[in-house]
file work-v2.txt (compact mmCIF, C-alpha atoms and all ligand atoms)
# COMPACT_ATOMS: atom_id res chain seq x y z
CA MET A 1 -26.42 -6.90 -79.14
CA GLU A 2 -28.79 -7.42 -82.02
CA VAL A 3 -32.56 -7.35 -81.79
CA PHE A 4 -34.62 -8.80 -84.59
CA THR A 5 -38.20 -9.47 -85.48
CA ALA A 6 -38.56 -11.82 -88.37
CA GLU A 7 -40.84 -10.98 -91.22
CA ILE A 8 -43.99 -13.02 -91.30
CA LEU A 9 -43.74 -15.48 -94.12
CA SER A 10 -46.69 -17.52 -95.31
CA PRO A 11 -46.83 -20.39 -92.86
CA VAL A 12 -46.24 -23.83 -94.23
CA ARG A 13 -48.11 -26.30 -92.07
CA SER A 14 -46.73 -29.71 -91.48
CA SER A 15 -48.47 -32.54 -89.68
CA VAL A 16 -46.68 -33.53 -86.48
CA SER A 17 -47.14 -36.84 -84.76
CA PRO A 18 -45.99 -38.01 -81.33
CA SER A 19 -42.23 -38.22 -81.08
CA ALA A 20 -40.34 -41.42 -80.40
CA ASP A 21 -40.36 -40.83 -76.64
CA GLY A 22 -44.14 -40.51 -76.54
CA ILE A 23 -44.45 -36.74 -76.11
CA ASP A 24 -47.36 -35.42 -78.14
CA VAL A 25 -45.63 -32.59 -79.93
CA SER A 26 -48.81 -31.84 -81.91
CA ALA A 27 -50.15 -30.47 -78.63
CA VAL A 28 -47.97 -27.41 -79.20
CA GLU A 29 -49.90 -24.81 -81.16
CA HIS A 30 -48.73 -24.77 -84.71
CA ALA A 31 -48.61 -21.07 -85.42
CA ARG A 32 -47.81 -19.95 -81.91
CA ARG A 33 -45.71 -16.93 -81.10
CA LEU A 34 -42.24 -17.84 -80.11
CA ARG A 35 -39.85 -15.54 -78.31
CA LEU A 36 -36.34 -16.78 -78.89
CA LEU A 37 -32.94 -16.03 -77.50
CA LEU A 38 -30.23 -17.04 -79.95
CA VAL A 39 -26.67 -17.55 -78.80
CA GLU A 40 -25.07 -17.10 -82.20
CA ASP A 41 -22.36 -14.94 -83.78
CA ASN A 42 -23.27 -15.51 -87.41
CA PRO A 43 -26.17 -13.29 -88.66
CA ALA A 44 -26.72 -15.60 -91.64
CA ASP A 45 -27.27 -18.56 -89.31
CA VAL A 46 -29.66 -16.49 -87.20
CA GLU A 47 -31.68 -15.66 -90.29
CA LEU A 48 -31.70 -19.25 -91.51
CA GLU A 49 -32.89 -20.63 -88.20
CA LEU A 50 -35.67 -18.05 -88.01
CA LEU A 51 -36.73 -18.69 -91.56
CA THR A 52 -36.87 -22.42 -90.94
CA LEU A 53 -39.16 -21.91 -87.98
CA GLN A 54 -41.34 -19.37 -89.77
CA LYS A 55 -41.77 -21.67 -92.70
CA ASP A 56 -43.08 -24.21 -90.30
CA GLY A 57 -45.70 -21.84 -88.93
CA PHE A 58 -44.00 -20.21 -85.96
CA ASP A 59 -44.39 -16.48 -85.42
CA VAL A 60 -40.88 -15.80 -84.12
CA SER A 61 -39.27 -12.80 -82.48
CA GLY A 62 -36.39 -12.45 -80.08
CA ASP A 63 -32.86 -11.41 -79.34
CA VAL A 64 -29.30 -12.46 -79.95
CA ALA A 65 -26.62 -12.78 -77.27
CA GLN A 66 -22.95 -13.37 -77.96
CA THR A 67 -21.36 -13.22 -74.53
CA ALA A 68 -22.14 -14.66 -71.10
CA GLU A 69 -22.87 -11.14 -69.77
CA GLU A 70 -25.24 -10.36 -72.62
CA PHE A 71 -26.96 -13.69 -72.17
CA THR A 72 -27.37 -13.21 -68.41
CA THR A 73 -28.75 -9.69 -68.81
CA ARG A 74 -31.21 -10.89 -71.44
CA ILE A 75 -32.64 -13.82 -69.49
CA ARG A 76 -32.93 -11.66 -66.39
CA SER A 77 -34.85 -8.91 -68.14
CA ALA A 78 -37.15 -10.74 -70.58
CA HIS A 79 -39.15 -13.91 -70.86
CA TYR A 80 -38.02 -16.36 -73.56
CA ASP A 81 -39.84 -19.48 -74.71
CA LEU A 82 -36.72 -21.11 -76.07
CA ILE A 83 -32.96 -20.73 -76.45
CA LEU A 84 -31.08 -21.81 -79.56
CA ALA A 85 -27.37 -21.91 -78.75
CA ASP A 86 -24.36 -22.49 -80.97
CA TYR A 87 -21.88 -24.29 -78.80
CA ASN A 88 -18.74 -22.73 -80.10
CA LEU A 89 -18.60 -18.94 -80.38
CA PRO A 90 -15.25 -17.19 -80.71
CA GLN A 91 -15.65 -15.26 -77.45
CA TRP A 92 -17.75 -17.75 -75.52
CA ARG A 93 -18.81 -21.38 -75.36
CA GLY A 94 -22.58 -21.40 -75.92
CA THR A 95 -23.03 -24.50 -73.81
CA GLU A 96 -22.23 -22.47 -70.72
CA THR A 97 -25.76 -21.16 -71.16
CA LEU A 98 -26.86 -24.35 -69.38
CA GLU A 99 -24.76 -23.49 -66.33
CA ILE A 100 -26.08 -19.92 -66.32
CA LEU A 101 -29.70 -21.09 -66.61
CA CYS A 102 -29.11 -23.47 -63.75
CA ARG A 103 -27.50 -20.74 -61.64
CA GLU A 104 -30.35 -18.34 -62.37
CA ASN A 105 -32.83 -21.11 -61.53
CA LEU A 106 -34.60 -20.71 -64.89
CA ASP A 107 -36.29 -23.47 -66.81
CA ILE A 108 -36.04 -22.36 -70.46
CA PRO A 109 -35.77 -25.14 -73.03
CA LEU A 110 -32.41 -25.04 -74.82
CA ILE A 111 -31.50 -26.57 -78.18
CA ILE A 112 -27.89 -26.72 -79.29
CA VAL A 113 -27.69 -25.66 -82.95
CA THR A 114 -24.20 -26.15 -84.28
CA GLY A 115 -22.09 -26.91 -87.34
CA TYR A 116 -20.52 -30.06 -85.99
CA LEU A 117 -21.16 -32.12 -82.94
CA GLY A 118 -19.90 -35.60 -82.11
CA GLU A 119 -22.49 -38.05 -80.82
CA GLU A 120 -20.76 -38.33 -77.45
CA LYS A 121 -20.80 -34.55 -76.96
CA ALA A 122 -24.46 -34.38 -77.98
CA VAL A 123 -25.38 -37.00 -75.37
CA ASP A 124 -23.31 -35.08 -72.85
CA TYR A 125 -25.19 -31.82 -73.49
CA ILE A 126 -28.54 -33.54 -73.30
CA LYS A 127 -27.47 -35.07 -69.99
CA GLN A 128 -26.55 -31.59 -68.77
CA GLY A 129 -30.03 -30.30 -69.61
CA ALA A 130 -30.18 -29.41 -73.32
CA THR A 131 -33.40 -30.64 -74.90
CA ASP A 132 -31.90 -31.51 -78.26
CA CYS A 133 -28.97 -30.96 -80.61
CA VAL A 134 -29.56 -29.95 -84.24
CA LEU A 135 -26.86 -29.69 -86.90
CA LYS A 136 -26.85 -26.56 -89.03
CA ASP A 137 -26.81 -28.55 -92.24
CA ARG A 138 -29.91 -30.46 -91.05
CA LEU A 139 -31.99 -27.44 -90.03
CA ALA A 140 -35.17 -29.03 -91.41
CA ARG A 141 -35.23 -30.96 -88.12
CA LEU A 142 -35.33 -27.75 -86.08
CA PRO A 143 -39.15 -27.22 -85.99
CA VAL A 144 -39.74 -30.76 -84.70
CA ALA A 145 -37.04 -30.29 -82.08
CA VAL A 146 -38.61 -26.96 -81.07
CA ARG A 147 -42.09 -28.43 -80.74
CA ARG A 148 -40.75 -31.28 -78.69
CA ALA A 149 -38.84 -28.88 -76.41
CA LEU A 150 -41.97 -26.77 -75.90
CA ALA A 151 -44.14 -29.82 -75.24
CA GLU A 152 -41.63 -31.11 -72.67
CA LYS A 153 -41.52 -27.71 -71.02
CA ARG A 154 -45.30 -27.63 -70.85
CA LEU A 155 -45.31 -31.05 -69.16
CA ARG A 156 -42.66 -29.87 -66.70
CA ASP A 157 -44.72 -26.75 -65.92
CA GLN A 158 -47.87 -28.81 -65.40
CA ARG A 159 -46.04 -31.23 -63.11
CA ARG A 160 -44.49 -28.37 -61.16
CA GLN A 161 -47.89 -26.73 -60.78
CA THR A 162 -49.48 -29.99 -59.60
CA GLU A 163 -46.65 -30.50 -57.11
CA GLU A 164 -47.02 -26.95 -55.84
CA GLU A 165 -50.79 -27.33 -55.48
CA LEU A 166 -50.30 -30.61 -53.65
CA ALA A 167 -47.72 -29.11 -51.30
CA GLN A 168 -50.09 -26.20 -50.65
CA LYS A 169 -52.99 -28.58 -49.88
CA VAL A 170 -50.79 -30.62 -47.52
CA ALA A 171 -49.72 -27.44 -45.72
CA GLU A 172 -53.35 -26.25 -45.49
CA LEU A 173 -54.43 -29.62 -44.12
CA ALA A 174 -51.65 -29.62 -41.54
CA ARG A 175 -52.58 -26.07 -40.49
CA SER A 176 -56.28 -26.86 -40.22
CA ASN A 177 -55.51 -30.05 -38.26
CA ALA A 178 -53.32 -28.07 -35.88
CA GLU A 179 -56.09 -25.47 -35.49
CA LEU A 180 -58.69 -28.17 -34.82
CA GLU A 181 -56.41 -29.79 -32.29
CA GLN A 182 -55.85 -26.45 -30.61
CA PHE A 183 -59.60 -25.78 -30.62
CA ALA A 184 -60.43 -29.18 -29.11
CA TYR A 185 -57.78 -28.69 -26.46
CA VAL A 186 -58.78 -25.15 -25.51
CA ALA A 187 -62.53 -25.94 -25.60
CA SER A 188 -62.24 -29.06 -23.48
CA HIS A 189 -59.75 -27.44 -21.11
CA ASP A 190 -61.76 -24.24 -20.61
CA LEU A 191 -65.09 -26.03 -20.34
CA GLN A 192 -63.86 -28.05 -17.40
CA GLU A 193 -64.19 -25.29 -14.82
CA PRO A 194 -67.80 -24.16 -15.55
CA LEU A 195 -68.76 -27.82 -15.85
CA ARG A 196 -67.29 -28.57 -12.46
CA MET A 197 -69.50 -25.79 -11.04
CA ILE A 198 -72.61 -27.22 -12.70
CA ALA A 199 -71.83 -30.77 -11.58
CA ASN A 200 -71.06 -29.70 -7.99
CA TYR A 201 -74.15 -27.56 -7.63
CA THR A 202 -76.57 -30.04 -9.22
CA GLN A 203 -75.06 -32.63 -6.87
CA LEU A 204 -75.69 -30.26 -3.96
CA LEU A 205 -79.26 -29.67 -5.16
CA ALA A 206 -79.79 -33.42 -5.34
CA GLU A 207 -78.46 -34.01 -1.82
CA ARG A 208 -80.49 -31.20 -0.32
CA TYR A 209 -83.80 -31.41 -2.13
CA ARG A 210 -84.22 -35.01 -3.29
CA GLY A 211 -87.43 -36.31 -1.71
CA LYS A 212 -88.42 -32.87 -0.48
CA LEU A 213 -90.16 -31.70 -3.65
CA ASP A 214 -92.50 -33.72 -5.85
CA ALA A 215 -91.58 -36.85 -7.88
CA GLN A 216 -91.23 -34.83 -11.08
CA ALA A 217 -88.65 -32.56 -9.44
CA ASP A 218 -86.66 -35.59 -8.26
CA LYS A 219 -86.61 -36.88 -11.84
CA TYR A 220 -85.35 -33.51 -13.17
CA ILE A 221 -82.65 -33.39 -10.53
CA ASP A 222 -81.51 -36.90 -11.45
CA TYR A 223 -81.40 -35.97 -15.13
CA SER A 224 -79.32 -32.87 -14.38
CA VAL A 225 -76.86 -34.76 -12.18
CA GLY A 226 -76.56 -37.56 -14.75
CA GLY A 227 -76.12 -35.12 -17.65
CA ALA A 228 -73.51 -33.03 -15.87
CA THR A 229 -71.51 -36.10 -14.79
CA ARG A 230 -71.63 -37.52 -18.27
CA MET A 231 -70.57 -34.26 -19.87
CA GLN A 232 -67.65 -34.07 -17.44
CA ALA A 233 -66.53 -37.55 -18.45
CA LEU A 234 -66.79 -36.67 -22.16
CA ILE A 235 -64.86 -33.44 -21.75
CA GLN A 236 -62.15 -35.23 -19.81
CA ASP A 237 -61.92 -37.87 -22.55
CA LEU A 238 -61.75 -35.20 -25.23
CA LEU A 239 -58.94 -33.54 -23.31
CA LYS A 240 -57.15 -36.90 -23.02
CA PHE A 241 -57.52 -37.41 -26.76
CA SER A 242 -56.22 -33.97 -27.67
CA ARG A 243 -53.32 -34.30 -25.20
CA VAL A 244 -52.14 -37.41 -27.05
CA GLY A 245 -51.83 -35.29 -30.21
CA ARG A 246 -49.93 -32.53 -28.42
CA GLN A 247 -47.51 -34.66 -26.45
CA GLU A 248 -43.97 -35.09 -27.73
CA ILE A 249 -43.20 -38.68 -28.69
CA GLU A 250 -40.24 -39.76 -26.58
CA ARG A 251 -38.97 -42.60 -28.74
CA ARG A 252 -36.78 -45.02 -26.86
CA THR A 253 -35.69 -48.62 -27.18
CA THR A 254 -38.84 -50.21 -25.78
CA ASP A 255 -39.35 -53.83 -24.87
CA CYS A 256 -42.97 -54.64 -25.73
CA ARG A 257 -43.02 -57.37 -23.09
CA VAL A 258 -42.26 -54.81 -20.35
CA VAL A 259 -44.88 -52.48 -21.78
CA VAL A 260 -47.52 -55.25 -21.85
CA GLU A 261 -46.68 -56.16 -18.26
CA GLN A 262 -47.11 -52.52 -17.27
CA ALA A 263 -50.49 -52.37 -19.01
CA MET A 264 -51.56 -55.55 -17.21
CA LYS A 265 -50.51 -54.10 -13.87
CA ASN A 266 -52.77 -51.13 -14.54
CA LEU A 267 -55.61 -53.54 -15.39
CA GLN A 268 -54.97 -55.82 -12.41
CA ALA A 269 -58.45 -55.40 -10.90
CA ALA A 270 -60.28 -56.12 -14.19
CA ILE A 271 -58.03 -59.11 -14.91
CA GLN A 272 -58.61 -60.60 -11.48
CA GLU A 273 -62.34 -59.94 -11.53
CA SER A 274 -62.85 -61.51 -14.95
CA GLY A 275 -60.24 -64.26 -14.60
CA ALA A 276 -58.80 -63.09 -17.93
CA VAL A 277 -55.75 -64.92 -19.29
CA VAL A 278 -53.26 -62.88 -21.31
CA LYS A 279 -50.67 -64.79 -23.35
CA TRP A 280 -47.98 -63.63 -25.69
CA ASN A 281 -45.47 -65.04 -28.09
CA GLY A 282 -42.21 -63.37 -28.93
CA LEU A 283 -42.72 -59.69 -28.27
CA PRO A 284 -40.15 -57.44 -29.98
CA VAL A 285 -38.06 -54.55 -28.82
CA VAL A 286 -39.09 -51.47 -30.78
CA MET A 287 -38.31 -47.76 -30.97
CA ALA A 288 -41.38 -46.17 -29.38
CA ASP A 289 -42.65 -44.00 -26.57
CA PRO A 290 -43.05 -46.62 -23.80
CA ALA A 291 -45.82 -44.77 -21.95
CA GLN A 292 -47.84 -44.27 -25.13
CA LEU A 293 -47.31 -47.84 -26.29
CA ALA A 294 -48.43 -49.08 -22.84
CA GLN A 295 -51.58 -47.00 -23.31
CA VAL A 296 -52.28 -48.78 -26.63
CA PHE A 297 -51.89 -52.25 -25.11
CA GLN A 298 -53.90 -51.21 -22.06
CA ASN A 299 -56.83 -49.95 -24.15
CA LEU A 300 -56.85 -53.04 -26.36
CA ILE A 301 -56.56 -55.50 -23.44
CA ALA A 302 -59.18 -53.57 -21.43
CA ASN A 303 -61.61 -53.80 -24.36
CA ALA A 304 -60.90 -57.49 -24.82
CA ILE A 305 -61.81 -58.01 -21.16
CA LYS A 306 -64.82 -55.68 -21.22
CA PHE A 307 -66.36 -57.07 -24.40
CA HIS A 308 -66.04 -60.71 -23.37
CA GLY A 309 -68.67 -63.30 -24.22
CA PRO A 310 -69.83 -66.23 -22.10
CA GLN A 311 -66.29 -67.63 -21.85
CA THR A 312 -63.47 -66.44 -19.64
CA PRO A 313 -61.56 -63.77 -21.60
CA LEU A 314 -58.53 -65.21 -23.38
CA ILE A 315 -56.23 -62.60 -24.92
CA GLN A 316 -53.38 -63.53 -27.22
CA ILE A 317 -50.65 -61.05 -28.20
CA ASP A 318 -48.39 -61.92 -31.15
CA SER A 319 -45.82 -60.19 -33.27
CA GLU A 320 -44.37 -60.68 -36.70
CA LYS A 321 -41.76 -58.80 -38.71
CA LYS A 322 -43.03 -57.73 -42.13
CA GLY A 323 -40.72 -55.68 -44.35
CA ASP A 324 -39.86 -52.50 -42.47
CA ASP A 325 -42.52 -53.02 -39.81
CA TRP A 326 -43.32 -55.00 -36.74
CA VAL A 327 -46.93 -56.16 -36.90
CA LEU A 328 -48.44 -56.67 -33.43
CA THR A 329 -51.70 -58.55 -32.93
CA VAL A 330 -54.06 -58.46 -29.94
CA SER A 331 -56.84 -61.02 -30.37
CA ASP A 332 -59.59 -62.16 -28.02
CA ASN A 333 -62.46 -64.64 -27.72
CA GLY A 334 -65.08 -61.99 -26.96
CA ILE A 335 -68.28 -60.83 -28.64
CA GLY A 336 -66.53 -59.77 -31.87
CA ILE A 337 -67.16 -56.72 -34.05
CA PRO A 338 -69.39 -56.67 -37.16
CA THR A 339 -67.29 -56.25 -40.32
CA GLU A 340 -69.16 -53.07 -41.32
CA ASN A 341 -67.84 -51.36 -38.16
CA TRP A 342 -64.18 -52.29 -38.61
CA LEU A 343 -63.31 -48.75 -39.70
CA ASP A 344 -65.71 -46.50 -37.83
CA ILE A 345 -65.02 -47.77 -34.30
CA PHE A 346 -61.66 -45.96 -34.46
CA VAL A 347 -63.52 -42.64 -34.68
CA ILE A 348 -63.71 -40.71 -31.42
CA PHE A 349 -66.88 -41.39 -29.34
CA ARG A 350 -68.06 -44.11 -31.73
CA ARG A 351 -69.59 -47.05 -29.82
CA LEU A 352 -71.62 -50.06 -30.83
CA HIS A 353 -73.41 -50.55 -27.53
CA THR A 354 -75.29 -48.52 -24.97
CA ARG A 355 -73.62 -47.51 -21.75
CA VAL A 356 -76.04 -49.78 -19.92
CA GLU A 357 -74.75 -52.81 -21.85
CA TYR A 358 -71.05 -51.91 -21.61
CA SER A 359 -69.46 -48.94 -19.82
CA GLY A 360 -67.24 -46.46 -21.71
CA ASN A 361 -67.28 -43.35 -23.86
CA GLY A 362 -65.80 -44.58 -27.13
CA ILE A 363 -62.40 -42.92 -26.74
CA GLY A 364 -60.05 -45.90 -26.28
CA LEU A 365 -59.59 -46.97 -29.89
CA SER A 366 -59.32 -43.40 -31.22
CA ILE A 367 -56.44 -42.84 -28.78
CA CYS A 368 -54.79 -46.09 -29.97
CA LYS A 369 -55.12 -44.93 -33.58
CA LYS A 370 -53.64 -41.52 -32.83
CA ILE A 371 -50.68 -42.97 -30.93
CA ILE A 372 -49.90 -45.60 -33.57
CA GLU A 373 -50.19 -43.17 -36.48
CA ARG A 374 -47.93 -40.66 -34.71
CA HIS A 375 -45.39 -43.47 -34.41
CA GLY A 376 -45.55 -43.98 -38.18
CA GLY A 377 -47.72 -47.10 -38.03
CA LYS A 378 -51.35 -48.04 -38.69
CA ILE A 379 -54.02 -49.97 -36.81
CA TRP A 380 -56.86 -52.10 -38.13
CA ILE A 381 -59.09 -55.08 -37.44
CA GLU A 382 -58.68 -58.36 -39.24
CA ALA A 383 -60.78 -61.50 -39.60
CA GLN A 384 -59.72 -64.49 -37.48
CA PRO A 385 -60.82 -68.13 -37.62
CA ASN A 386 -62.28 -68.19 -34.08
CA PRO A 387 -65.07 -65.98 -32.73
CA GLY A 388 -63.82 -62.76 -31.13
CA SER A 389 -61.85 -59.75 -32.35
CA CYS A 390 -58.38 -59.38 -33.79
CA PHE A 391 -56.67 -55.98 -33.65
CA LYS A 392 -53.43 -55.44 -35.54
CA PHE A 393 -51.07 -52.51 -35.55
CA THR A 394 -47.67 -51.78 -37.06
CA LEU A 395 -44.61 -50.05 -35.71
CA PRO A 396 -41.53 -49.29 -37.80
CA THR A 397 -38.81 -51.80 -37.04
CA ASP A 398 -35.69 -51.03 -35.09
CA PRO A 399 -32.55 -52.77 -36.29
CA GLY A 400 -31.74 -53.86 -32.74
CA SER A 401 -35.14 -55.53 -32.27
CA HIS A 402 -35.30 -59.00 -30.85
CA ALA A 403 -38.13 -61.23 -29.59
CA VAL A 404 -38.70 -62.55 -26.09
CA GLN A 405 -41.09 -65.28 -24.95
CA GLY A 406 -43.51 -65.18 -22.05
CA ALA A 407 -46.99 -65.80 -20.66
CA GLN A 408 -48.96 -64.55 -17.71
CA ALA A 409 -52.45 -65.17 -16.37
P1 LIG B 501 -65.29 -47.88 -25.40
O1 LIG B 501 -64.59 -49.13 -25.02
O2 LIG B 501 -65.25 -46.82 -24.37
O3 LIG B 501 -66.67 -48.10 -25.94
P2 LIG B 501 -63.44 -47.83 -27.61
O4 LIG B 501 -63.06 -46.70 -28.49
O5 LIG B 501 -62.35 -48.51 -26.88
O6 LIG B 501 -64.49 -47.22 -26.61
O7 LIG B 501 -64.21 -48.88 -28.47
C1 LIG B 501 -65.20 -48.46 -29.38
C2 LIG B 501 -66.18 -49.59 -29.61
O8 LIG B 501 -65.54 -50.63 -30.33
C3 LIG B 501 -66.70 -50.25 -28.38
O9 LIG B 501 -67.80 -49.55 -27.85
C4 LIG B 501 -67.08 -51.63 -28.88
O10 LIG B 501 -68.33 -51.57 -29.48
C5 LIG B 501 -66.07 -51.89 -29.95
N1 LIG B 501 -64.95 -52.73 -29.45
C6 LIG B 501 -63.71 -52.30 -29.15
N2 LIG B 501 -62.92 -53.34 -28.78
C7 LIG B 501 -63.68 -54.43 -28.85
C8 LIG B 501 -63.45 -55.83 -28.60
N3 LIG B 501 -62.25 -56.29 -28.20
N4 LIG B 501 -64.47 -56.69 -28.81
C9 LIG B 501 -65.66 -56.25 -29.24
N5 LIG B 501 -65.95 -54.95 -29.48
C10 LIG B 501 -64.98 -54.05 -29.29

call {"tool": "encode", "arguments": {"input": "work-v2.txt", "output": "structure tokens"}}
result
Amino acid sequence: MEVFTAEILSPVRSSVSPSADGIDVSAVEHARRLRLLLVEDNPADVELELLTLQKDGFDVSGDVAQTAEEFTTRIRSAHYDLILADYNLPQWRGTETLEILCRENLDIPLIIVTGYLGEEKAVDYIKQGATDCVLKDRLARLPVAVRRALAEKRLRDQRRQTEEELAQKVAELARSNAELEQFAYVASHDLQEPLRMIANYTQLLAERYRGKLDAQADKYIDYSVGGATRMQALIQDLLKFSRVGRQEIERRTTDCRVVVEQAMKNLQAAIQESGAVVKWNGLPVVMADPAQLAQVFQNLIANAIKFHGPQTPLIQIDSEKKGDDWVLTVSDNGIGIPTENWLDIFVIFRRLHTRVEYSGNGIGLSICKKIIERHGGKIWIEAQPNPGSCFKFTLPTDPGSHAVQGAQA
């Protein structure tokens, strides 16, 4: 095993422009230190290669390896910027360096430097992972090949680092989401009991002492009862919301028509009271959690009934296959939603009206969003020609999907 440090020769600077494949090789420092591993049995060739690089401004040092064992030991024990490998040594084929590098999971640029190499072989080596092939009688090309190899390596390192950072950020986000979910669940779950006490006892106070103290006291009691009841409702909604995120999705072949009918059954009283008409056209069979999908339809239909205008609520449900998705639409003839609120009404507890105008806590749409996104889809509002609102959501298609017709008032 031979160790060498080349003498520093006066650097000859050459201007380097971007290579044919667009890599800016000038980005590689001109007179940078270069630690090389040479797979070479001929000391004269070693010297020539070093000299060529030095003349071009590289400050080179490194080692020589002549067998697979030597090579493996070297790359395991030291850091090399570059490998120059002759592909045909008497005791070893230099190109096996590529296999060893791969096995050792090391990304060190490798240039084949050899006396003769057919074009086909050269392409083959580059396909296997060599950066370039340089003929020994054309060594003047070596510095450009080296710069290009180093520039490519730098790009690979940058990309790897960006990918690692991204993966880390995604993992952090997932962890913090899980923690938030856990927090919301535990907080809303554990707050229920003390809240129940407060609500019960303020209720008791109200029953016992309303009208027995002065008017001011009655007002305070009413405020307390109202506040406690409202907080109970909010906590229960928060718990509902966080349960949706914790529940397993039990994906099954689900007929949307059956699911819509189930949702309508649950809304029977509101439908009868309002005289709402629900119509649909060709609802598909999808892969989804039927109970969760029913919840989505129920929330959307309930809103369409609740936020009706002067006319009898008319709700239309449609579906359409687009690429890999089913797009489902629930539209109504109600009061409509201002365009500027098309995004924020999906946020938990966001409402556009007071509770006096319309009942509710602002949880329904956030639950829809969570369910749809957990199914791999998205939900949004779209403009429609007639007054009212038009909600759309996607679900990934199931190859066995088919549409059925129906209508019910
Ligand atoms: P809630 O119905 O309890 O207010 P949601 O999360 O279901 O909560 O809805 C949030 C808000 O979005 C509602 O308060 C309402 O302002 C608006 N909204 C939802 N659906 C409709 C609809 N079909 N028509 C008009 N406004 C709607």

call {"tool": "atom_distance", "arguments": {"input": "work-v2.txt", "atom1": "atom CA of Gln384 of chain A", "atom2": "atom O8 of ligand LIG 501 (chain B)"}}
result
16.6 Å

call {"tool": "residues_near_ligand", "arguments": {"input": "work-v2.txt", "ligand": "ligand LIG 501 (chain B)", "cutoff": "9 Å", "atoms": "only C-alpha atoms and all ligand atoms", "output": "PyMOL selection string"}}
result
chain A and resi 299-308+330-338+341-342+344-355+358-368+388-391

call {"tool": "write_last_selection", "arguments": {"input": "work-v2.txt", "atoms": "C-alpha atoms", "output": "PDB file, in the coordinates of the input"}}
result
ATOM      1  CA  ASN A 299     -56.830 -49.950 -24.150  1.00  0.00           C
ATOM      2  CA  LEU A 300     -56.850 -53.040 -26.360  1.00  0.00           C
ATOM      3  CA  ILE A 301     -56.560 -55.500 -23.440  1.00  0.00           C
ATOM      4  CA  ALA A 302     -59.180 -53.570 -21.430  1.00  0.00           C
ATOM      5  CA  ASN A 303     -61.610 -53.800 -24.360  1.00  0.00           C
ATOM      6  CA  ALA A 304     -60.900 -57.490 -24.820  1.00  0.00           C
ATOM      7  CA  ILE A 305     -61.810 -58.010 -21.160  1.00  0.00           C
ATOM      8  CA  LYS A 306     -64.820 -55.680 -21.220  1.00  0.00           C
ATOM      9  CA  PHE A 307     -66.360 -57.070 -24.400  1.00  0.00           C
ATOM     10  CA  HIS A 308     -66.040 -60.710 -23.370  1.00  0.00           C
ATOM     11  CA  VAL A 330     -54.060 -58.460 -29.940  1.00  0.00           C
ATOM     12  CA  SER A 331     -56.840 -61.020 -30.370  1.00  0.00           C
ATOM     13  CA  ASP A 332     -59.590 -62.160 -28.020  1.00  0.00           C
ATOM     14  CA  ASN A 333     -62.460 -64.640 -27.720  1.00  0.00           C
ATOM     15  CA  GLY A 334     -65.080 -61.990 -26.960  1.00  0.00           C
ATOM     16  CA  ILE A 335     -68.280 -60.830 -28.640  1.00  0.00           C
ATOM     17  CA  GLY A 336     -66.530 -59.770 -31.870  1.00  0.00           C
ATOM     18  CA  ILE A 337     -67.160 -56.720 -34.050  1.00  0.00           C
ATOM     19  CA  PRO A 338     -69.390 -56.670 -37.160  1.00  0.00           C
ATOM     20  CA  ASN A 341     -67.840 -51.360 -38.160  1.00  0.00           C
ATOM     21  CA  TRP A 342     -64.180 -52.290 -38.610  1.00  0.00           C
ATOM     22  CA  ASP A 344     -65.710 -46.500 -37.830  1.00  0.00           C
ATOM     23  CA  ILE A 345     -65.020 -47.770 -34.300  1.00  0.00           C
ATOM     24  CA  PHE A 346     -61.660 -45.960 -34.460  1.00  0.00           C
ATOM     25  CA  VAL A 347     -63.520 -42.640 -34.680  1.00  0.00           C
ATOM     26  CA  ILE A 348     -63.710 -40.710 -31.420  1.00  0.00           C
ATOM     27  CA  PHE A 349     -66.880 -41.390 -29.340  1.00  0.00           C
ATOM     28  CA  ARG A 350     -68.060 -44.110 -31.730  1.00  0.00           C
ATOM     29  CA  ARG A 351     -69.590 -47.050 -29.820  1.00  0.00           C
ATOM     30  CA  LEU A 352     -71.620 -50.060 -30.830  1.00  0.00           C
ATOM     31  CA  HIS A 353     -73.410 -50.550 -27.530  1.00  0.00           C
ATOM     32  CA  THR A 354     -75.290 -48.520 -24.970  1.00  0.00           C
ATOM     33  CA  ARG A 355     -73.620 -47.510 -21.750  1.00  0.00           C
ATOM     34  CA  TYR A 358     -71.050 -51.910 -21.610  1.00  0.00           C
ATOM     35  CA  SER A 359     -69.460 -48.940 -19.820  1.00  0.00           C
ATOM     36  CA  GLY A 360     -67.240 -46.460 -21.710  1.00  0.00           C
ATOM     37  CA  ASN A 361     -67.280 -43.350 -23.860  1.00  0.00           C
ATOM     38  CA  GLY A 362     -65.800 -44.580 -27.130  1.00  0.00           C
ATOM     39  CA  ILE A 363     -62.400 -42.920 -26.740  1.00  0.00           C
ATOM     40  CA  GLY A 364     -60.050 -45.900 -26.280  1.00  0.00           C
ATOM     41  CA  LEU A 365     -59.590 -46.970 -29.890  1.00  0.00           C
ATOM     42  CA  SER A 366     -59.320 -43.400 -31.220  1.00  0.00           C
ATOM     43  CA  ILE A 367     -56.440 -42.840 -28.780  1.00  0.00           C
ATOM     44  CA  CYS A 368     -54.790 -46.090 -29.970  1.00  0.00           C
ATOM     45  CA  GLY A 388     -63.820 -62.760 -31.130  1.00  0.00           C
ATOM     46  CA  SER A 389     -61.850 -59.750 -32.350  1.00  0.00           C
ATOM     47  CA  CYS A 390     -58.380 -59.380 -33.790  1.00  0.00           C
ATOM     48  CA  PHE A 391     -56.670 -55.980 -33.650  1.00  0.00           C
TER      49      PHE A 391
END

call {"tool": "closest_residue", "arguments": {"input": "work-v2.txt", "among": "A:Ile235, A:Val286, A:Val244, A:Leu53", "to": "Thr394 of chain A", "atoms": "only C-alpha atoms"}}
result
A:Val286
